[in-house]
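Structure data follow from coords-v6.cif (mmCIF, C-alpha atoms and all ligand atoms):
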```cif
data_final
loop_
_atom_site.label_atom_id
_atom_site.label_comp_id
_atom_site.auth_asym_id
_atom_site.auth_seq_id
_atom_site.Cartn_x
_atom_site.Cartn_y
_atom_site.Cartn_z
CA MET R 23 87.30 109.86 43.20
CA ASP R 24 86.89 106.05 43.32
CA HIS R 25 89.54 104.37 45.40
CA ASP R 26 90.86 101.05 44.19
CA ASP R 27 91.89 98.77 47.09
CA ARG R 28 94.76 97.48 45.00
CA ASP R 29 96.27 100.95 45.12
CA HIS R 30 96.65 100.81 48.89
CA SER R 31 98.99 98.57 50.93
CA ASP R 32 100.43 98.67 54.39
CA VAL R 33 103.87 98.88 52.77
CA VAL R 34 104.95 100.03 49.31
CA VAL R 35 108.52 99.12 48.36
CA VAL R 36 110.19 100.99 45.50
CA GLY R 37 112.82 98.78 43.86
CA ALA R 38 112.83 95.00 43.38
CA GLY R 39 116.53 94.32 43.96
CA ILE R 40 117.73 92.30 46.92
CA VAL R 41 117.10 95.12 49.39
CA GLY R 42 113.54 95.76 48.18
CA LEU R 43 112.73 92.04 48.03
CA GLY R 44 114.17 91.62 51.52
CA VAL R 45 111.97 94.43 52.79
CA ALA R 46 108.93 92.87 51.11
CA ASP R 47 109.66 89.50 52.73
CA ALA R 48 110.24 91.01 56.19
CA ALA R 49 107.02 93.07 56.01
CA HIS R 50 104.96 90.20 54.61
CA ARG R 51 106.18 87.90 57.40
CA ARG R 52 104.80 90.43 59.87
CA GLY R 53 101.35 90.04 58.34
CA LEU R 54 101.42 93.32 56.40
CA SER R 55 100.09 93.81 52.88
CA VAL R 56 102.94 94.69 50.53
CA THR R 57 103.28 96.10 47.01
CA VAL R 58 106.67 96.16 45.27
CA LEU R 59 107.13 98.37 42.25
CA ASP R 60 110.02 98.50 39.86
CA ARG R 61 110.51 100.52 36.72
CA SER R 62 111.93 97.47 34.88
CA PRO R 63 110.10 94.33 33.71
CA ALA R 64 112.22 92.25 36.15
CA ALA R 65 115.12 92.85 38.53
CA THR R 66 117.92 94.06 36.27
CA GLY R 67 120.01 96.16 38.65
CA ALA R 68 123.10 95.33 40.68
CA THR R 69 121.33 92.33 42.20
CA VAL R 70 121.57 90.35 38.95
CA ARG R 71 124.91 91.78 37.76
CA ASN R 72 127.13 90.66 40.63
CA PHE R 73 129.13 87.57 41.63
CA GLY R 74 126.60 86.26 44.15
CA HIS R 75 129.23 86.19 46.88
CA VAL R 76 127.68 86.32 50.32
CA CYS R 77 130.98 87.03 52.06
CA LEU R 78 130.38 87.46 55.77
CA THR R 79 133.88 86.77 56.98
CA PRO R 80 135.54 89.84 55.42
CA GLN R 81 133.01 92.23 57.05
CA THR R 82 133.26 94.15 60.31
CA GLY R 83 130.91 96.14 62.54
CA ARG R 84 127.41 96.84 61.29
CA ALA R 85 128.09 95.13 57.96
CA TRP R 86 129.10 91.95 59.81
CA GLU R 87 125.90 92.07 61.91
CA TYR R 88 123.76 92.53 58.80
CA ALA R 89 125.68 89.80 57.00
CA ARG R 90 125.06 87.35 59.83
CA ALA R 91 121.33 88.08 59.72
CA ALA R 92 121.37 87.90 55.92
CA ARG R 93 123.08 84.48 55.98
CA GLU R 94 120.17 82.91 57.84
CA ARG R 95 117.67 84.58 55.53
CA TRP R 96 119.45 83.45 52.35
CA ILE R 97 119.38 79.85 53.53
CA ARG R 98 115.71 80.03 54.47
CA LEU R 99 114.67 81.85 51.30
CA GLY R 100 116.72 79.55 49.08
CA HIS R 101 114.88 76.63 50.61
CA ASP R 102 111.43 78.24 50.42
CA ALA R 103 111.82 79.89 47.00
CA GLY R 104 113.73 77.03 45.37
CA PHE R 105 117.09 78.52 44.42
CA ALA R 106 120.52 77.14 45.27
CA VAL R 107 122.51 78.57 48.17
CA ARG R 108 125.99 77.04 48.26
CA GLN R 109 127.36 76.70 51.76
CA ASP R 110 130.93 75.72 50.86
CA GLY R 111 132.58 78.97 51.91
CA THR R 112 134.98 81.31 50.12
CA TRP R 113 138.58 80.57 49.11
CA VAL R 114 141.29 83.23 49.30
CA VAL R 115 144.55 82.61 47.51
CA ALA R 116 147.79 84.12 48.84
CA ARG R 117 150.40 84.55 46.13
CA HIS R 118 153.02 86.40 48.19
CA PRO R 119 154.29 85.98 51.76
CA ASP R 120 152.81 89.37 52.74
CA GLU R 121 149.35 88.02 51.85
CA VAL R 122 150.01 84.93 53.99
CA ALA R 123 150.95 87.23 56.89
CA LEU R 124 147.78 89.28 56.42
CA LEU R 125 145.60 86.16 56.37
CA ALA R 126 147.34 84.87 59.50
CA ALA R 127 146.65 88.17 61.29
CA ALA R 128 143.00 88.03 60.22
CA ALA R 129 142.70 84.41 61.36
CA GLU R 130 143.86 85.40 64.85
CA ARG R 131 141.22 88.11 65.15
CA ALA R 132 138.33 86.37 63.39
CA PRO R 133 135.15 85.92 65.46
CA ASP R 134 134.15 82.30 66.19
CA ALA R 135 131.11 82.60 63.92
CA THR R 136 133.21 83.57 60.88
CA PRO R 137 136.57 81.79 61.18
CA VAL R 138 139.49 82.08 58.76
CA HIS R 139 141.08 78.64 58.20
CA LEU R 140 144.64 78.95 56.98
CA LEU R 141 145.93 76.58 54.29
CA ASP R 142 149.44 75.95 53.03
CA ALA R 143 150.27 76.09 49.33
CA GLY R 144 149.76 72.37 48.80
CA GLU R 145 146.44 72.28 50.62
CA PHE R 146 145.19 75.29 48.68
CA THR R 147 146.17 74.15 45.22
CA ALA R 148 144.74 70.70 45.91
CA ARG R 149 141.36 72.45 46.12
CA ALA R 150 141.71 75.34 43.65
CA ALA R 151 143.81 75.17 40.48
CA VAL R 152 145.56 78.54 40.73
CA ALA R 153 149.11 79.38 39.76
CA GLY R 154 151.70 80.68 42.19
CA ALA R 155 149.86 80.04 45.46
CA VAL R 156 152.14 80.26 48.49
CA GLY R 157 149.22 79.75 50.88
CA GLY R 158 145.61 80.71 51.30
CA ALA R 159 142.54 80.47 53.45
CA HIS R 160 139.09 78.99 53.52
CA LEU R 161 136.26 81.11 54.94
CA PRO R 162 133.69 78.40 55.74
CA ALA R 163 130.82 80.65 56.91
CA ASP R 164 130.42 82.34 53.52
CA LEU R 165 127.69 81.49 51.03
CA GLN R 166 127.25 81.74 47.27
CA VAL R 167 124.09 82.27 45.23
CA ASP R 168 123.50 82.53 41.50
CA PRO R 169 122.57 86.21 41.13
CA ARG R 170 120.72 85.64 37.87
CA ARG R 171 118.38 83.09 39.41
CA ALA R 172 118.05 84.23 43.02
CA ALA R 173 116.22 87.55 42.50
CA ALA R 174 113.76 86.12 39.98
CA ALA R 175 113.03 83.09 42.18
CA LEU R 176 112.61 85.29 45.24
CA ALA R 177 110.19 87.65 43.47
CA ALA R 178 108.13 84.71 42.18
CA HIS R 179 108.06 83.17 45.66
CA LEU R 180 106.89 86.42 47.28
CA GLU R 181 104.23 86.87 44.61
CA ARG R 182 102.90 83.35 45.28
CA ARG R 183 102.63 84.28 48.95
CA GLY R 184 100.55 87.37 48.21
CA VAL R 185 103.02 90.21 47.74
CA ARG R 186 101.83 92.35 44.82
CA PHE R 187 104.31 93.35 42.13
CA ARG R 188 104.01 96.22 39.70
CA TRP R 189 106.69 95.92 37.09
CA ARG R 190 107.46 98.59 34.48
CA THR R 191 106.16 101.14 36.95
CA PRO R 192 108.60 103.96 37.75
CA ALA R 193 108.26 105.89 40.99
CA LEU R 194 108.30 109.59 40.13
CA GLY R 195 108.06 110.91 43.67
CA VAL R 196 107.63 109.72 47.26
CA GLU R 197 106.02 111.54 50.14
CA GLU R 198 104.22 110.76 53.38
CA GLY R 199 101.70 107.99 52.73
CA ARG R 200 102.06 107.86 48.95
CA VAL R 201 104.14 107.08 45.92
CA VAL R 202 103.44 108.87 42.67
CA THR R 203 104.21 106.50 39.81
CA GLY R 204 104.10 106.61 36.05
CA ARG R 205 100.86 104.62 36.33
CA GLY R 206 99.02 106.52 39.06
CA THR R 207 99.39 106.99 42.78
CA LEU R 208 99.83 104.24 45.38
CA THR R 209 99.09 104.88 49.05
CA ALA R 210 100.69 103.14 52.02
CA GLY R 211 101.32 103.43 55.73
CA LEU R 212 105.02 102.89 55.08
CA VAL R 213 107.04 103.60 51.94
CA VAL R 214 110.50 102.03 51.63
CA VAL R 215 112.79 103.36 48.92
CA ALA R 216 115.32 100.69 47.82
CA VAL R 217 116.52 102.03 44.48
CA ASN R 218 120.28 101.71 44.99
CA HIS R 219 122.23 104.37 43.00
CA ASP R 220 119.01 105.69 41.45
CA LEU R 221 118.46 107.51 44.71
CA ASP R 222 120.18 110.38 42.90
CA HIS R 223 117.24 110.46 40.43
CA LEU R 224 114.37 109.94 42.87
CA LEU R 225 115.66 111.98 45.82
CA PRO R 226 118.61 113.94 44.41
CA GLY R 227 118.88 116.36 47.32
CA LEU R 228 119.13 113.54 49.83
CA ALA R 229 121.68 111.62 47.74
CA GLU R 230 123.82 114.71 47.34
CA ALA R 231 123.64 115.69 51.01
CA ALA R 232 124.64 112.13 51.99
CA GLY R 233 127.58 112.15 49.56
CA VAL R 234 126.20 109.24 47.51
CA GLN R 235 127.85 108.75 44.15
CA ARG R 236 127.74 106.01 41.53
CA CYS R 237 130.33 103.29 41.26
CA ALA R 238 130.52 101.52 37.88
CA LEU R 239 132.11 98.10 37.54
CA ASP R 240 133.22 96.03 34.54
CA MET R 241 132.34 92.32 34.63
CA LEU R 242 132.99 89.39 32.33
CA ARG R 243 131.72 85.85 31.95
CA VAL R 244 134.51 83.77 30.44
CA ASP R 245 135.51 80.30 29.41
CA ALA R 246 138.89 79.94 31.09
CA GLY R 247 139.43 76.25 30.33
CA LEU R 248 140.25 75.46 33.95
CA PRO R 249 141.59 71.94 34.51
CA ALA R 250 139.29 71.45 37.54
CA PRO R 251 136.22 73.25 38.91
CA LEU R 252 136.68 75.94 41.56
CA PRO R 253 135.53 74.83 45.03
CA GLY R 254 133.68 78.12 45.51
CA PRO R 255 134.18 81.87 45.12
CA LEU R 256 137.87 82.73 44.70
CA LEU R 257 139.25 85.94 46.23
CA THR R 258 142.78 87.28 45.80
CA GLY R 259 145.18 89.76 47.38
CA TRP R 260 143.21 92.56 45.73
CA SER R 261 140.20 91.51 47.84
CA LEU R 262 142.33 91.48 50.99
CA VAL R 263 143.14 95.17 50.59
CA ARG R 264 139.46 96.04 49.99
CA TYR R 265 137.36 94.11 52.55
CA ARG R 266 137.56 95.59 56.00
CA ALA R 267 138.28 92.54 58.17
CA PHE R 268 141.55 92.30 56.21
CA ALA R 269 142.10 95.80 54.82
CA ASP R 270 141.93 97.54 58.21
CA LEU R 271 144.79 95.43 59.64
CA PRO R 272 148.33 96.89 59.72
CA GLU R 273 149.58 93.93 57.63
CA ALA R 274 147.45 95.19 54.71
CA VAL R 275 149.72 98.20 54.12
CA ALA R 276 152.57 96.14 52.67
CA VAL R 277 150.18 94.12 50.49
CA ARG R 278 148.55 97.23 49.08
CA GLU R 279 151.87 98.96 48.34
CA ARG R 280 153.31 95.91 46.62
CA LEU R 281 150.23 95.19 44.51
CA HIS R 282 150.08 98.79 43.33
CA ALA R 283 153.82 98.84 42.54
CA GLU R 284 153.76 95.49 40.71
CA HIS R 285 150.46 95.95 38.86
CA PRO R 286 149.96 99.65 38.06
CA ARG R 287 147.41 98.97 35.27
CA ALA R 288 145.23 96.87 37.54
CA ALA R 289 145.59 99.48 40.29
CA ALA R 290 144.58 102.24 37.85
CA PHE R 291 141.29 100.41 37.20
CA ASP R 292 140.88 99.78 40.94
CA VAL R 293 140.67 96.04 40.29
CA ASN R 294 139.35 93.56 42.84
CA LEU R 295 140.29 90.30 41.15
CA MET R 296 137.70 87.62 41.95
CA ALA R 297 136.28 84.64 40.09
CA THR R 298 133.24 82.44 40.57
CA GLN R 299 132.22 79.38 38.65
CA GLN R 300 128.72 79.13 37.22
CA PRO R 301 126.72 75.90 37.03
CA ASP R 302 127.68 75.57 33.32
CA GLY R 303 131.39 75.79 34.18
CA SER R 304 131.93 79.33 32.91
CA LEU R 305 133.55 81.87 35.23
CA LEU R 306 132.26 85.22 36.39
CA LEU R 307 135.33 87.42 36.40
CA GLY R 308 135.78 90.92 37.73
CA ASP R 309 135.85 93.62 38.71
CA THR R 310 136.97 97.20 38.18
CA HIS R 311 135.67 100.36 39.88
CA ARG R 312 135.07 103.94 38.73
CA ARG R 313 133.30 106.41 41.01
CA GLY R 314 131.64 109.70 40.16
CA PRO R 315 128.36 111.58 40.11
CA GLY R 316 127.43 109.83 36.85
CA VAL R 317 128.60 106.78 34.92
CA ASP R 318 130.64 107.23 31.76
CA PRO R 319 128.61 105.50 29.03
CA PHE R 320 131.79 104.37 27.27
CA GLN R 321 133.44 101.27 28.73
CA SER R 322 137.18 101.07 28.14
CA GLU R 323 138.23 97.80 26.55
CA GLU R 324 141.52 98.20 28.38
CA ALA R 325 139.70 97.42 31.63
CA ASN R 326 138.59 94.07 30.20
CA GLU R 327 142.10 93.39 28.88
CA VAL R 328 143.50 93.98 32.36
CA LEU R 329 140.96 91.58 33.90
CA LEU R 330 141.70 88.91 31.29
CA ALA R 331 145.46 89.27 31.78
CA CYS R 332 145.00 89.01 35.56
CA ALA R 333 142.88 85.87 35.12
CA ALA R 334 145.36 84.22 32.74
CA ASP R 335 148.12 84.85 35.25
CA LEU R 336 146.01 83.68 38.22
CA PHE R 337 144.99 80.39 36.65
CA GLY R 338 148.12 79.82 34.56
CA VAL R 339 146.03 79.51 31.39
CA PRO R 340 145.94 81.30 27.99
CA ARG R 341 143.77 84.42 27.75
CA PRO R 342 140.20 83.29 28.61
CA ARG R 343 137.51 83.49 25.93
CA VAL R 344 134.90 86.15 26.67
CA LEU R 345 131.28 84.93 26.63
CA GLU R 346 129.56 88.06 28.00
CA ARG R 347 130.51 91.55 29.17
CA TRP R 348 128.44 93.92 31.23
CA GLN R 349 128.59 96.88 33.53
CA GLY R 350 127.16 96.96 37.05
CA VAL R 351 126.52 100.04 39.13
CA TYR R 352 126.02 100.53 42.83
CA ALA R 353 125.61 103.45 45.20
CA SER R 354 128.86 104.53 46.80
CA GLY R 355 128.94 106.69 49.91
CA PRO R 356 131.14 107.68 52.81
CA GLU R 357 129.51 105.00 55.02
CA GLU R 358 128.59 101.42 54.14
CA PHE R 359 124.83 102.04 54.51
CA LEU R 360 122.46 104.95 54.10
CA VAL R 361 119.22 104.74 56.04
CA ALA R 362 117.27 108.00 55.96
CA ARG R 363 113.75 109.24 56.67
CA PRO R 364 113.11 112.07 54.20
CA ALA R 365 109.43 112.34 55.24
CA PRO R 366 107.24 110.74 57.93
CA GLY R 367 106.53 107.13 56.98
CA VAL R 368 109.18 107.13 54.23
CA VAL R 369 112.43 105.19 54.76
CA VAL R 370 115.36 105.06 52.35
CA ALA R 371 117.44 101.84 52.59
CA THR R 372 120.64 101.78 50.56
CA VAL R 373 123.81 99.72 50.72
CA THR R 374 126.40 102.32 49.77
CA THR R 375 129.25 100.00 48.88
CA GLY R 376 129.60 96.74 46.98
CA ILE R 377 128.36 94.34 49.66
CA GLY R 378 124.60 94.34 49.16
CA MET R 379 124.29 90.61 48.40
CA THR R 380 126.12 89.94 51.64
CA THR R 381 124.29 92.44 53.84
CA GLY R 382 121.13 93.60 52.02
CA LEU R 383 118.76 91.06 53.58
CA GLY R 384 120.04 92.04 57.04
CA LEU R 385 119.62 95.75 56.32
CA ALA R 386 116.08 95.06 55.05
CA GLU R 387 115.13 93.18 58.20
CA ASP R 388 116.52 95.96 60.39
CA VAL R 389 114.64 98.67 58.47
CA VAL R 390 111.32 96.84 58.77
CA ARG R 391 111.89 95.96 62.43
CA SER R 392 112.63 99.62 63.22
CA ALA R 393 109.60 100.85 61.29
CA VAL R 394 106.93 98.37 62.34
CA GLY R 395 108.33 96.29 65.19
CA GLY R 396 109.26 92.66 65.75
CA ASP R 397 108.51 89.45 63.96
CA ARG R 398 104.97 88.15 63.93
CA PRO R 399 105.03 84.45 64.81
C1 LIG R 401 129.45 94.14 39.34
C2 LIG R 401 129.00 94.03 40.75
C3 LIG R 401 129.47 92.99 41.54
C4 LIG R 401 129.04 92.87 42.87
N1 LIG R 401 129.38 91.77 43.59
C5 LIG R 401 128.85 91.58 44.82
C6 LIG R 401 129.08 90.37 45.53
O1 LIG R 401 129.62 89.41 45.00
N2 LIG R 401 128.64 90.31 46.81
C7 LIG R 401 127.95 91.32 47.40
O2 LIG R 401 127.63 91.23 48.59
N3 LIG R 401 127.64 92.43 46.71
C8 LIG R 401 128.06 92.58 45.45
N4 LIG R 401 127.75 93.70 44.73
C9 LIG R 401 126.86 94.70 45.34
C10 LIG R 401 125.41 94.27 45.27
O3 LIG R 401 125.11 93.71 44.00
C11 LIG R 401 124.49 95.47 45.53
O4 LIG R 401 124.92 96.12 46.74
C12 LIG R 401 123.06 95.05 45.70
O5 LIG R 401 122.64 94.22 44.64
C13 LIG R 401 122.16 96.29 45.78
O6 LIG R 401 120.82 95.84 45.85
P1 LIG R 401 119.65 96.89 45.70
O7 LIG R 401 118.38 96.14 45.88
O8 LIG R 401 119.90 98.05 46.61
O9 LIG R 401 119.82 97.48 44.24
P2 LIG R 401 119.42 96.96 42.77
O10 LIG R 401 119.59 95.51 42.61
O11 LIG R 401 120.17 97.83 41.82
O12 LIG R 401 117.87 97.23 42.69
C14 LIG R 401 117.33 98.54 42.62
C15 LIG R 401 116.05 98.45 41.82
O13 LIG R 401 115.39 99.71 41.88
C16 LIG R 401 114.77 99.92 40.63
N5 LIG R 401 114.50 101.36 40.51
C17 LIG R 401 115.39 102.36 40.49
N6 LIG R 401 114.76 103.56 40.42
C18 LIG R 401 113.44 103.29 40.39
C19 LIG R 401 112.29 104.11 40.32
N7 LIG R 401 112.36 105.46 40.30
N8 LIG R 401 111.07 103.51 40.28
C20 LIG R 401 110.96 102.16 40.30
N9 LIG R 401 112.04 101.34 40.37
C21 LIG R 401 113.27 101.91 40.43
C22 LIG R 401 115.73 99.38 39.61
O14 LIG R 401 115.08 99.06 38.40
C23 LIG R 401 116.28 98.16 40.35
O15 LIG R 401 115.59 96.96 39.99
C24 LIG R 401 128.16 93.85 43.42
C25 LIG R 401 127.70 94.90 42.63
C26 LIG R 401 128.09 94.98 41.29
C27 LIG R 401 127.55 96.09 40.46
#
```
Represent the structure from my file as structure tokens, please.
Amino acid sequence: MDHDDRDHSDVVVVGAGIVGLGVADAAHRRGLSVTVLDRSPAATGATVRNFGHVCLTPQTGRAWEYARAARERWIRLGHDAGFAVRQDGTWVVARHPDEVALLAAAAERAPDATPVHLLDAGEFTARAAVAGAVGGAHLPADLQVDPRRAAAALAAHLERRGVRFRWRTPALGVEEGRVVTGRGTLTAGLVVVAVNHDLDHLLPGLAEAAGVQRCALDMLRVDAGLPAPLPGPLLTGWSLVRYRAFADLPEAVAVRERLHAEHPRAAAFDVNLMATQQPDGSLLLGDTHRRGPGVDPFQSEEANEVLLACAADLFGVPRPRVLERWQGVYASGPEEFLVARPAPGVVVATVTTGIGMTTGLGLAEDVVRSAVGGDRP
């Protein structure tokens, strides 16, 4: 049978989200030929449905290491690919003394590279127009990207540099040296599977054995009529009891218990109340969480009502006007990352919690370094 050179690459990447694009960039920088395939006509997965928070400071352990590596890569890729990477940090509002105490404990333990700068109520509200602040913190090492622009700009940049893309091409199966797709078979020395929660479709046995489920999140873009722009991503007490650099501290227990007692509806939807301003002034607002082997196709409007009520209370404004609603999904597992080798020359790279924008580029670099070795100058 005739062999078409375009059907062979050193590396085939399945999935054009941030992890797959990061793998493509890392492999291409090492002088390897790379093909990325995605079943969609453009990146439409979690990578475009999120807040764009690149929140290093709240991470610990391996996630922190990946986030540090990812930070450098975001800045370089933003420059090279022409998308904005805001370097103004994250802002965390404390609306109860127990949240101030938790932030103070985190500030004491924070590594030098990712400090937590404490602010009093006056300092905080001078920067961010929130209601009921009794204190807060600025996390200056954190970044912000526009998720709707970053993935598209990154894919276009990689394509200009010679990475081949095959859109609307689903992978049906992966094995040593090849990927069977809906449009024929591609061969490669290395196959990297970066399909996020769809691992349970492509390699269901592996996903099941690793305990990977789906986590579905409700998101809104709203016009909140804020009196002044936000200085950057805004996190709240709900974030403090979720992200490990805060949530693992003993001071988090009181915060969690109080939030759940005071806000049972928000707790029932597993809310992590965060907001981010878009270039047009609208706010990305979220999120809720539901985990299971599949995603319920029916989104409860009550979840959105809870988010809107939380936002009105947070900003001291009337109920924000909804501009867009959507659902995002990510892989959720017992660990923060799943790296597996289901066959020789096949590597699965999955962020199995909601921190892939923060860590995905670091995970991608690590996967490529482990598979093919160090950077080519
Ligand atoms: C609502 C929401 C908010 C979030 N907020 C943040 C945040 O602010 N900060 C942060 O760090 N993280 C955040 N996350 C998590 C982050 O978005 C994800 O961890 C990250 O985008 C995962 O990237 P990925 O490349 O693995 O997956 P995806 O972006 O989902 O990409 C996977 C790609 O694989 C493709 N694919 C799947 N199956 C196949 C197949 N068989 N053949 C071909 N292609 C296939 C899909 O079409 C898709 O394009 C959020 C997630 C959600 C859902």
Would you compute, for all listed atoms of segment 125-140 of chain R, the axis-aligned bounding box grown by 8 Å on each side, and then report its centre and edge lengths in Å rounded to one decimal, as lines of an AutoDock Vina configuration file?
```
center_x = 139.2
center_y = 83.4
center_z = 61.3
size_x = 32.2
size_y = 25.5
size_z = 25.8
```
In terms of all atoms listed in the file, the residue from R:Asp47, R:Glu197, R:Glu279, R:Glu358 at minimal distance from ligand LIG 401 (chain R) is R:Glu358
Mind checking which residues fall within 8 Å of segment 330-343 of chain R, counting only C-alpha atoms, ignoring those fewer than 4 positions away in the same chain, and posting them as a count of residues only?
12
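By all atoms listed in the file, and with residues fewer than 4 positions from Leu252 of chain R along its chain excluded, the set lying at most 10 Å from it is Trp113, Arg149, Ala150, Ala151, Val152, Leu248, Leu256, Ala297, Thr298, Gln299, Gln300, Gly303 and Leu305 of chain R.
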Env. residues ligand LIG 401 (chain R) / 6 Å / all atoms listed in the file / as a VMD selection string:
chain R and resid 36 to 42 59 to 62 65 to 69 71 to 76 191 to 194 216 to 218 220 224 239 241 350 to 352 372 to 373 376 to 380
Write the selection just made, keeping C-alpha atoms, as an mmCIF file, keeping the file's coordinate frame?
```
data_model
loop_
_atom_site.group_PDB
_atom_site.id
_atom_site.type_symbol
_atom_site.label_atom_id
_atom_site.label_comp_id
_atom_site.auth_asym_id
_atom_site.auth_seq_id
_atom_site.Cartn_x
_atom_site.Cartn_y
_atom_site.Cartn_z
ATOM 1 C CA VAL R 36 110.190 100.990 45.500
ATOM 2 C CA GLY R 37 112.820 98.780 43.860
ATOM 3 C CA ALA R 38 112.830 95.000 43.380
ATOM 4 C CA GLY R 39 116.530 94.320 43.960
ATOM 5 C CA ILE R 40 117.730 92.300 46.920
ATOM 6 C CA VAL R 41 117.100 95.120 49.390
ATOM 7 C CA GLY R 42 113.540 95.760 48.180
ATOM 8 C CA LEU R 59 107.130 98.370 42.250
ATOM 9 C CA ASP R 60 110.020 98.500 39.860
ATOM 10 C CA ARG R 61 110.510 100.520 36.720
ATOM 11 C CA SER R 62 111.930 97.470 34.880
ATOM 12 C CA ALA R 65 115.120 92.850 38.530
ATOM 13 C CA THR R 66 117.920 94.060 36.270
ATOM 14 C CA GLY R 67 120.010 96.160 38.650
ATOM 15 C CA ALA R 68 123.100 95.330 40.680
ATOM 16 C CA THR R 69 121.330 92.330 42.200
ATOM 17 C CA ARG R 71 124.910 91.780 37.760
ATOM 18 C CA ASN R 72 127.130 90.660 40.630
ATOM 19 C CA PHE R 73 129.130 87.570 41.630
ATOM 20 C CA GLY R 74 126.600 86.260 44.150
ATOM 21 C CA HIS R 75 129.230 86.190 46.880
ATOM 22 C CA VAL R 76 127.680 86.320 50.320
ATOM 23 C CA THR R 191 106.160 101.140 36.950
ATOM 24 C CA PRO R 192 108.600 103.960 37.750
ATOM 25 C CA ALA R 193 108.260 105.890 40.990
ATOM 26 C CA LEU R 194 108.300 109.590 40.130
ATOM 27 C CA ALA R 216 115.320 100.690 47.820
ATOM 28 C CA VAL R 217 116.520 102.030 44.480
ATOM 29 C CA ASN R 218 120.280 101.710 44.990
ATOM 30 C CA ASP R 220 119.010 105.690 41.450
ATOM 31 C CA LEU R 224 114.370 109.940 42.870
ATOM 32 C CA LEU R 239 132.110 98.100 37.540
ATOM 33 C CA MET R 241 132.340 92.320 34.630
ATOM 34 C CA GLY R 350 127.160 96.960 37.050
ATOM 35 C CA VAL R 351 126.520 100.040 39.130
ATOM 36 C CA TYR R 352 126.020 100.530 42.830
ATOM 37 C CA THR R 372 120.640 101.780 50.560
ATOM 38 C CA VAL R 373 123.810 99.720 50.720
ATOM 39 C CA GLY R 376 129.600 96.740 46.980
ATOM 40 C CA ILE R 377 128.360 94.340 49.660
ATOM 41 C CA GLY R 378 124.600 94.340 49.160
ATOM 42 C CA MET R 379 124.290 90.610 48.400
ATOM 43 C CA THR R 380 126.120 89.940 51.640
#
```
